[in-house]
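Written out below as structure tokens is the structure these notes cover.
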Amino acid sequence: MTLETHLRTAGRPLLVPYVTGGITADWTDYLVACQEAGADAIEVGLPFSDPMLDGVTIQQASDRALARGVTPESILDDLSRTTLRVPIIVMTYANLVLRHGIARLAAAGVSGLIVPDLPLDESAVLEAEAAAAGVDLVLLVAPSTPGDRLREICERSRGFVYAISVMGTTGERETLAASAATLAARVKAVTDRPVLLGFGISTPEQAAEAGRAGDGAVVGAALMRRVLDGATPADLGRAVAELRAALDLGVSPGTPHAEVSGHRG
Ligand SMILES: O=P(O)(O)OC[C@@H](O)[C@@H](O)c1c[nH]c2ccccc12
């Protein structure tokens, strides 16, 4: 099943936790924990020394993995040895994917790919390679993306459309930016592909909001901060389960009932 089919048939708001590949020796246990806690897919970051779109937390997670001596190869080997039901989406900067090639990802069982620094005008070759390898190449839109370009990205994206909720870098934020709902609505107006909001979604409340505005949330920094602070796979699973519960309810489990009315079922 392709990533897109998997997400389209999930029948619930989508939750995609992000895990930095190789962050600990037993890092694939975090993937299993995310799956068991209700993830619909998992984004795995290949650590990169110059991650221009990443805030401090994801950068620290990358540095931790690189300090352990991991490489894209070692991470893909680990993935090949791990059996998961949920699709794996690899996030990597253009430089690395150009060097290692998409066929290697497919061989490791990867079903989606995000290359955030790939300019749309240069992505046609990679889109063709990904399609040939059976990997969904997920394209990104941001609040600054003009309308005609947004429409083109939605047409060319596979798997889902990654909507960057706020201009800037990855990382936890106090509230979900107003730009998130506006962007999700712009995307939903031009495509029926799933739209996932990412960047700055840290709490169950914010995840529920992302599920109401779009089709779900990608959550990275809030989870990697816990891992950097020593969270075990079971601890991470509990955090993911809270996000899952909030998305399913359309609100945070702690929200008083009066605020529930009007939420999308
Ligand atoms: O960390 P946040 O703010 O929860 O956002 C998700 C994000 O970490 C993950 O999708 C991601 C990590 N690195 C990226 C680089 C570009 C785009 C997306 C990403």
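Residue numbers start at 1 in each chain; chains themselves are named A, B, ... in the order of the structure tokens; ligands are numbered from 1 in the order shown.
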
Enumerate as number ranges by chain all residues of region 28-264 of chain A assigned to helix (DSSP H, G or I) by DSSP on the backbone, naming them with the chain letters and numbers the document uses. A: 28-36, 56-67, 72-80, 94-100, 102-107, 120-122, 124-133, 147-156, 178-190, 204-213, 221-228, 233-249, 257-259

Name the residues in contact with Ser165 (chain A) at a cut-off of 10 Å, using only C-alpha atoms, excluding same-chain residues fewer than 4 positions from it; report them as a list in words. Val141, Ala142, Pro143, Thr170, Leu176, Ala177, Ala178, Ser179, Ala180, Ala181, Thr182, Leu183, Ala184, Leu196, Leu197, Gly198, Phe199, Gly200, Ile201, Ala210 and Ala217 of chain A

Export, as an mmCIF file, in the first residue's frame, the selected residues with N, CA and C atoms.
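Output below, filename out_24.cif:
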```
data_model
loop_
_atom_site.group_PDB
_atom_site.id
_atom_site.type_symbol
_atom_site.label_atom_id
_atom_site.label_comp_id
_atom_site.auth_asym_id
_atom_site.auth_seq_id
_atom_site.Cartn_x
_atom_site.Cartn_y
_atom_site.Cartn_z
ATOM 1 N N VAL A 141 4.367 23.233 1.474
ATOM 2 C CA VAL A 141 3.909 24.598 1.240
ATOM 3 C C VAL A 141 4.084 25.375 2.540
ATOM 4 N N ALA A 142 4.209 26.677 2.414
ATOM 5 C CA ALA A 142 4.392 27.530 3.586
ATOM 6 C C ALA A 142 3.433 28.709 3.481
ATOM 7 N N PRO A 143 3.237 29.437 4.580
ATOM 8 C CA PRO A 143 2.328 30.596 4.510
ATOM 9 C C PRO A 143 2.715 31.589 3.418
ATOM 10 N N THR A 170 11.777 24.569 12.636
ATOM 11 C CA THR A 170 11.073 23.609 13.465
ATOM 12 C C THR A 170 11.303 23.973 14.934
ATOM 13 N N LEU A 176 -0.536 27.567 18.443
ATOM 14 C CA LEU A 176 -0.513 27.281 17.010
ATOM 15 C C LEU A 176 -0.720 28.611 16.283
ATOM 16 N N ALA A 177 0.189 28.920 15.362
ATOM 17 C CA ALA A 177 0.121 30.199 14.653
ATOM 18 C C ALA A 177 -1.195 30.321 13.887
ATOM 19 N N ALA A 178 -1.707 31.545 13.801
ATOM 20 C CA ALA A 178 -2.939 31.792 13.051
ATOM 21 C C ALA A 178 -2.742 31.405 11.586
ATOM 22 N N SER A 179 -1.489 31.516 11.121
ATOM 23 C CA SER A 179 -1.206 31.184 9.720
ATOM 24 C C SER A 179 -1.472 29.711 9.411
ATOM 25 N N ALA A 180 -1.518 28.869 10.450
ATOM 26 C CA ALA A 180 -1.700 27.431 10.232
ATOM 27 C C ALA A 180 -3.072 27.128 9.627
ATOM 28 N N ALA A 181 -4.112 27.650 10.260
ATOM 29 C CA ALA A 181 -5.474 27.362 9.785
ATOM 30 C C ALA A 181 -5.707 27.996 8.421
ATOM 31 N N THR A 182 -5.157 29.195 8.221
ATOM 32 C CA THR A 182 -5.308 29.880 6.934
ATOM 33 C C THR A 182 -4.670 29.049 5.826
ATOM 34 N N LEU A 183 -3.465 28.562 6.092
ATOM 35 C CA LEU A 183 -2.755 27.777 5.086
ATOM 36 C C LEU A 183 -3.477 26.454 4.811
ATOM 37 N N ALA A 184 -3.915 25.781 5.877
ATOM 38 C CA ALA A 184 -4.617 24.503 5.696
ATOM 39 C C ALA A 184 -5.859 24.702 4.832
ATOM 40 N N LEU A 196 -1.170 17.756 6.132
ATOM 41 C CA LEU A 196 -0.670 17.655 7.503
ATOM 42 C C LEU A 196 0.057 18.936 7.867
ATOM 43 N N LEU A 197 -0.257 19.451 9.038
ATOM 44 C CA LEU A 197 0.421 20.650 9.517
ATOM 45 C C LEU A 197 1.620 20.248 10.360
ATOM 46 N N GLY A 198 2.733 20.928 10.169
ATOM 47 C CA GLY A 198 3.919 20.696 10.980
ATOM 48 C C GLY A 198 4.610 22.010 11.264
ATOM 49 N N PHE A 199 5.548 22.020 12.181
ATOM 50 C CA PHE A 199 6.311 23.167 12.696
ATOM 51 C C PHE A 199 5.532 23.808 13.855
ATOM 52 N N GLY A 200 6.045 23.597 15.046
ATOM 53 C CA GLY A 200 5.474 24.272 16.206
ATOM 54 C C GLY A 200 4.246 23.610 16.789
ATOM 55 N N ILE A 201 3.989 22.359 16.452
ATOM 56 C CA ILE A 201 2.862 21.662 17.084
ATOM 57 C C ILE A 201 3.443 20.792 18.189
ATOM 58 N N ALA A 210 -4.751 21.281 14.845
ATOM 59 C CA ALA A 210 -4.243 20.946 13.508
ATOM 60 C C ALA A 210 -5.152 19.924 12.836
ATOM 61 N N ALA A 217 -1.406 16.215 12.137
ATOM 62 C CA ALA A 217 -0.210 16.929 12.583
ATOM 63 C C ALA A 217 1.043 16.072 12.493
#
```

Counting only C-alpha atoms and all ligand atoms, name the residues that have an atom within 7 Å of an atom of ligand 1; the answer should be given as a PDB file with C-alpha atoms, in the first residue's frame.
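Result written to selection-v9.pdb:
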```
ATOM      1  CA  TYR A  18       9.093  12.677  13.865  1.00  0.00           C
ATOM      2  CA  GLU A  43       8.881  10.577   9.865  1.00  0.00           C
ATOM      3  CA  GLY A  45      15.128  12.297   9.964  1.00  0.00           C
ATOM      4  CA  LEU A  53      15.294  24.562   8.577  1.00  0.00           C
ATOM      5  CA  ASP A  54      15.753  23.020  11.987  1.00  0.00           C
ATOM      6  CA  ILE A  58      16.058  18.960  16.172  1.00  0.00           C
ATOM      7  CA  MET A  91      13.235  13.426   5.882  1.00  0.00           C
ATOM      8  CA  PRO A 116      12.671  20.330   2.477  1.00  0.00           C
ATOM      9  CA  THR A 170      11.073  23.609  13.465  1.00  0.00           C
ATOM     10  CA  GLY A 171      10.577  23.793  17.229  1.00  0.00           C
ATOM     11  CA  GLU A 172       8.036  24.044  19.994  1.00  0.00           C
ATOM     12  CA  GLY A 198       3.919  20.696  10.980  1.00  0.00           C
ATOM     13  CA  PHE A 199       6.311  23.167  12.696  1.00  0.00           C
ATOM     14  CA  GLY A 200       5.474  24.272  16.206  1.00  0.00           C
ATOM     15  CA  ILE A 201       2.862  21.662  17.084  1.00  0.00           C
ATOM     16  CA  SER A 202       3.885  20.588  20.549  1.00  0.00           C
ATOM     17  CA  VAL A 218       3.497  16.191  12.354  1.00  0.00           C
ATOM     18  CA  VAL A 219       5.133  16.524  15.786  1.00  0.00           C
ATOM     19  CA  GLY A 220       8.914  16.606  16.051  1.00  0.00           C
ATOM     20  CA  ALA A 221      10.653  18.901  18.514  1.00  0.00           C
ATOM     21  CA  ALA A 222       8.252  18.236  21.409  1.00  0.00           C
TER      22      ALA A 222
END
```

Of A:Leu14, A:Val138, A:Leu3, A:Leu113, the one nearest to Leu46 (chain A) when counting only C-alpha atoms is A:Leu113

Contact residues around region 120-133 of chain A with only C-alpha atoms at 8 Å, ignoring same-chain residues under 2 positions, as JSON, numbers by chain: {"A": [102, 103, 106, 118, 135, 136, 137, 153]}

Closest to Ala37 (chain A) among A:Arg156, A:Arg244, A:His100, A:Arg12, using only C-alpha atoms? A:Arg244

Record the distance separating CA of Leu84 (chain A) and CA of Leu105 (chain A), expressed in Å with one decimal. 15.2 Å

Which residues come within 10 Å of Arg85 (chain A), counting only C-alpha atoms, excluding same-chain residues fewer than 3 positions away, as a VMD selection string? chain A and resid 32 35 to 36 40 to 41 88

Hey, can you spit out that residue selection with N, CA and C atoms as a PDB file, in the first residue's frame?
```
ATOM      1  N   VAL A  32       8.747   1.785  17.210  1.00  0.00           N
ATOM      2  CA  VAL A  32       7.748   0.790  17.617  1.00  0.00           C
ATOM      3  C   VAL A  32       6.792   1.414  18.641  1.00  0.00           C
ATOM      4  N   GLN A  35       4.355   3.673  16.919  1.00  0.00           N
ATOM      5  CA  GLN A  35       3.348   2.879  16.221  1.00  0.00           C
ATOM      6  C   GLN A  35       2.302   2.363  17.206  1.00  0.00           C
ATOM      7  N   GLU A  36       2.756   1.786  18.302  1.00  0.00           N
ATOM      8  CA  GLU A  36       1.816   1.191  19.267  1.00  0.00           C
ATOM      9  C   GLU A  36       0.945   2.259  19.921  1.00  0.00           C
ATOM     10  N   ASP A  40       0.061   7.232  12.648  1.00  0.00           N
ATOM     11  CA  ASP A  40      -0.431   6.762  11.350  1.00  0.00           C
ATOM     12  C   ASP A  40       0.709   6.560  10.361  1.00  0.00           C
ATOM     13  N   ALA A  41       1.816   7.223  10.611  1.00  0.00           N
ATOM     14  CA  ALA A  41       3.053   7.066   9.845  1.00  0.00           C
ATOM     15  C   ALA A  41       4.116   7.676  10.742  1.00  0.00           C
ATOM     16  N   ILE A  88       6.972   4.465   6.804  1.00  0.00           N
ATOM     17  CA  ILE A  88       8.085   5.318   7.217  1.00  0.00           C
ATOM     18  C   ILE A  88       8.340   6.353   6.124  1.00  0.00           C
TER      19      ILE A  88
END
```

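Checking A:Met1, A:Ala234, A:Ala208, A:Leu223 one by one against Pro13 (chain A), counting only C-alpha atoms, you find the shortest gap at A:Ala208.
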
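Between Ala241 (chain A) and the candidates A:Ala207, A:Thr175, A:Leu7, A:Pro194, the tightest atom-to-atom separation, counting only C-alpha atoms, involves A:Ala207.
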
Write out as a PyMOL selection string the residues lying within 8 Å of Val240 (chain A), counting only C-alpha atoms and excluding same-chain residues fewer than 4 positions away. chain A and resi 17+34+37-39+236+244

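For the pair CA of Asp235 (chain A) and CA of Trp27 (chain A), the separation is 13.3 Å.
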
Pick out each residue of region 81-258 of chain A that DSSP on the backbone tags as strand (DSSP E or B); I need them as a PDB file with C-alpha atoms, in the first residue's frame.
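The result, written out as out.pdb:
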```pdb
ATOM      1  CA  ILE A  88       8.085   5.318   7.217  1.00  0.00           C
ATOM      2  CA  ILE A  89       8.759   8.707   5.663  1.00  0.00           C
ATOM      3  CA  VAL A  90      12.404   9.726   5.462  1.00  0.00           C
ATOM      4  CA  MET A  91      13.235  13.426   5.882  1.00  0.00           C
ATOM      5  CA  GLY A 112       7.705   8.407   1.663  1.00  0.00           C
ATOM      6  CA  LEU A 113      10.365  11.079   1.315  1.00  0.00           C
ATOM      7  CA  ILE A 114      10.554  14.723   2.384  1.00  0.00           C
ATOM      8  CA  ASP A 136       5.846   9.083  -2.373  1.00  0.00           C
ATOM      9  CA  LEU A 137       7.744  12.381  -2.606  1.00  0.00           C
ATOM     10  CA  VAL A 138       6.003  14.757  -0.213  1.00  0.00           C
ATOM     11  CA  LEU A 139       6.206  18.448  -1.169  1.00  0.00           C
ATOM     12  CA  LEU A 140       5.864  21.358   1.235  1.00  0.00           C
ATOM     13  CA  VAL A 141       3.909  24.598   1.240  1.00  0.00           C
ATOM     14  CA  VAL A 161       0.886  17.892   1.427  1.00  0.00           C
ATOM     15  CA  TYR A 162       3.166  19.108   4.218  1.00  0.00           C
ATOM     16  CA  ALA A 163       1.872  22.496   5.346  1.00  0.00           C
ATOM     17  CA  ILE A 164       4.495  24.447   7.281  1.00  0.00           C
ATOM     18  CA  VAL A 195      -2.837  17.948   4.429  1.00  0.00           C
ATOM     19  CA  LEU A 196      -0.670  17.655   7.503  1.00  0.00           C
ATOM     20  CA  LEU A 197       0.421  20.650   9.517  1.00  0.00           C
ATOM     21  CA  GLY A 198       3.919  20.696  10.980  1.00  0.00           C
ATOM     22  CA  GLY A 216      -3.597  16.072  11.160  1.00  0.00           C
ATOM     23  CA  ALA A 217      -0.210  16.929  12.583  1.00  0.00           C
ATOM     24  CA  VAL A 218       3.497  16.191  12.354  1.00  0.00           C
ATOM     25  CA  VAL A 219       5.133  16.524  15.786  1.00  0.00           C
TER      26      VAL A 219
END
```
